[in-house]
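Student: Quick one: the structure is below, and I'll ask about it shortly.
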Amino acid sequence: MSSATAWIVVIGSALATMALKAVGPVVLGGRPLPDRLTRIVALLGPALLAALVATATFTTEQDIVIDERLAGVGAAVVALSFRAPVLVVVIVAAAATAVLRALT
Amino acid sequence: MTSGSERTARDGIRTVAPLAIAVFAFGITYGVLARGTGMGAFAPVVMSLTTFAGSAQFAAVTVLGSGGSAATAILAAALLNARYAPIGVSVAPFMHGSVWSRFLHAQLIVDESWAVAAEGEGRWNPRVLLGAGLGIYVAWVVGTAIGVIFGDLIGDPNRLGLDAAFPALFLALLAPQIRNRVSIAAALLGAAIAIALTPFTPAGVPIVAASAACLIGLVTKDGA
């Protein structure tokens, strides 16, 4: 790839991302949302975080796959059920996946 | 530890520190990968400084690495970051100050800082968002620089199971947000939408579409 291509991507993705992040706070900043909208955005966290968990566990590009990552996430569920700190949860997941990958 | 709306920017940094370590490792991975696609040493670091969105940067670099055009790479990044439009709306009521101040604070929104700043019932703490966002930002940019510089020494990060660290991280962020039957339903529906769309849509679309799951807040009563 030419260095011009790399820089076009750097600038283009920066502008797009800055605009997407800022549009809500800049346009609506400081004003309360209508009640119905507040009820909806309260559920945005569970919906988006669960979607990120699902795609990061079960997908590779456009394929749905079951691989060593699932064992790592399973180990993370166990660690969370013991109320382990976040860093421990993450390390347990990575270690379970790495060990399984090394064994198979 | 203070709770509720008394939390400060310092609490944000403290809460996000363990996540920042994971993001730091992810930043190194990104630096290694970006360097390997021939972007040079400088461009990946500038991208982390200015785009500051891990999954989108990975997607853009992957597109470039597989011979895609600049337009395709930018589109992939924009689609993956489209979720930040509704996320920005969710925190907007709690961001005061001038337009410029709101613009700059908004740049510190990433999944992790947004999740730890949540205080339930549709409220977010802007000071925690600021502290947590700065912590993640430093970890991400420094990680990228280290990956670019020392990439050759590190090798394949997936050998260390780093690809499982991220779903685990998001799961740990999700757990405290599961408060009642409605939030469980939103989480399950969001995950189902994302998986169902994955084979048929470009990367990023499934995540954006999953945000529609929060519309069940319209048809259910609070706490049901």
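Chain lettering (A, B, ...) mirrors the order of the structure tokens, residue numbering begins at 1 for each chain separately, and ligand numbering begins at 1 in order of display.
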What lies within 12 Å of Leu189 in chain B using only C-alpha atoms, ignoring chain neighbours under 4 positions off, as a compact mmCIF listing (two decimals) with N, CA and C atoms, in the first residue's frame?

Tutor:
# COMPACT_ATOMS: atom_id res chain seq x y z
N LEU A 43 -31.28 0.70 28.27
CA LEU A 43 -31.09 -0.69 27.83
C LEU A 43 -30.02 -0.81 26.73
N LEU A 44 -29.47 0.35 26.32
CA LEU A 44 -28.45 0.32 25.27
C LEU A 44 -27.19 -0.41 25.74
N PRO A 46 -26.80 -3.00 28.09
CA PRO A 46 -26.95 -4.46 27.98
C PRO A 46 -27.00 -4.95 26.53
N ALA A 47 -27.73 -4.23 25.67
CA ALA A 47 -27.87 -4.70 24.28
C ALA A 47 -26.53 -4.67 23.54
N LEU A 48 -25.81 -3.55 23.62
CA LEU A 48 -24.56 -3.43 22.86
C LEU A 48 -23.44 -4.28 23.45
N LEU A 49 -23.33 -4.30 24.78
CA LEU A 49 -22.26 -5.09 25.39
C LEU A 49 -22.46 -6.57 25.11
N ALA A 50 -23.72 -7.04 25.17
CA ALA A 50 -23.99 -8.45 24.88
C ALA A 50 -23.68 -8.77 23.42
N ALA A 51 -23.98 -7.82 22.53
CA ALA A 51 -23.67 -8.03 21.10
C ALA A 51 -22.15 -8.11 20.90
N ALA A 54 -21.02 -11.52 22.12
CA ALA A 54 -21.41 -12.58 21.19
C ALA A 54 -20.53 -12.58 19.95
N VAL B 182 -35.93 -6.98 32.18
CA VAL B 182 -35.87 -6.21 30.94
C VAL B 182 -34.44 -6.12 30.41
N SER B 183 -33.48 -5.89 31.31
CA SER B 183 -32.09 -5.77 30.84
C SER B 183 -31.56 -7.12 30.35
N ILE B 184 -32.01 -8.21 30.98
CA ILE B 184 -31.61 -9.54 30.49
C ILE B 184 -32.17 -9.75 29.08
N ALA B 185 -33.44 -9.37 28.90
CA ALA B 185 -34.07 -9.54 27.59
C ALA B 185 -33.34 -8.70 26.54
N ILE B 193 -29.45 -10.71 17.67
CA ILE B 193 -29.46 -9.91 16.43
C ILE B 193 -28.06 -9.88 15.81
N ALA B 194 -27.05 -9.65 16.67
CA ALA B 194 -25.68 -9.53 16.15
C ALA B 194 -25.21 -10.82 15.49
N ILE B 195 -25.50 -11.96 16.14
CA ILE B 195 -25.06 -13.25 15.56
C ILE B 195 -25.85 -13.54 14.28
N ALA B 196 -27.15 -13.29 14.31
CA ALA B 196 -27.98 -13.62 13.15
C ALA B 196 -27.57 -12.83 11.91
N PRO B 206 -23.84 -5.69 12.30
CA PRO B 206 -24.54 -6.47 13.34
C PRO B 206 -24.57 -5.75 14.69
N ILE B 207 -23.49 -5.08 15.03
CA ILE B 207 -23.42 -4.39 16.33
C ILE B 207 -24.39 -3.21 16.35
N ALA B 209 -27.07 -2.83 14.51
CA ALA B 209 -28.43 -3.35 14.49
C ALA B 209 -28.84 -3.86 15.87
N ALA B 210 -27.86 -4.41 16.62
CA ALA B 210 -28.16 -4.95 17.95
C ALA B 210 -28.65 -3.85 18.89
N SER B 211 -28.27 -2.60 18.61
CA SER B 211 -28.72 -1.53 19.50
C SER B 211 -30.24 -1.38 19.45
N ALA B 212 -30.87 -1.88 18.37
CA ALA B 212 -32.33 -1.84 18.27
C ALA B 212 -33.00 -2.64 19.39
N ALA B 213 -32.24 -3.58 19.99
CA ALA B 213 -32.81 -4.40 21.07
C ALA B 213 -33.28 -3.54 22.24
N CYS B 214 -32.69 -2.34 22.38
CA CYS B 214 -33.11 -1.50 23.53
C CYS B 214 -34.51 -0.95 23.34
N LEU B 215 -35.08 -1.10 22.14
CA LEU B 215 -36.46 -0.63 21.91
C LEU B 215 -37.47 -1.42 22.73
N ILE B 216 -37.08 -2.60 23.25
CA ILE B 216 -38.04 -3.32 24.11
C ILE B 216 -38.35 -2.51 25.36

Student: Would you list which chain A residues are within 6 Å of chain B using only C-alpha atoms, as JSON, numbers by chain?

Tutor: {"A": [5, 6, 9, 10, 12, 13, 14, 16, 17, 20, 21, 22, 24, 25, 26, 28, 29, 30, 31, 32, 38, 39, 40, 41, 42, 43, 44, 46, 47, 48, 49, 50, 51, 53, 54, 56, 57, 62, 63, 69, 72, 73, 76, 87, 90, 93, 94, 97, 98]}

Student: If you run DSSP on this backbone, which residues of range 1-215 of chain B come out as strand (DSSP E), and could you give them as JSON, numbers by chain?

Tutor: {"B": [118, 119, 120, 123, 124]}

Student: Kindly export the residues of the current selection with C-alpha atoms, as a CSV table (one decimal), in the first residue's frame.

Tutor:
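out.csv written:
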chain,number,residue,atom,x,y,z
B,118,ALA,CA,-23.0,4.0,33.8
B,119,GLU,CA,-25.0,4.6,37.0
B,120,GLY,CA,-28.2,2.8,36.0
B,123,ARG,CA,-27.8,7.9,33.9
B,124,TRP,CA,-24.1,8.4,33.3

Student: Would you compute the distance between CA of Ile13 in chain B and CA of Pro85 in chain A? Give it in Å to one decimal.

Tutor: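 So the answer is 15.5 Å.
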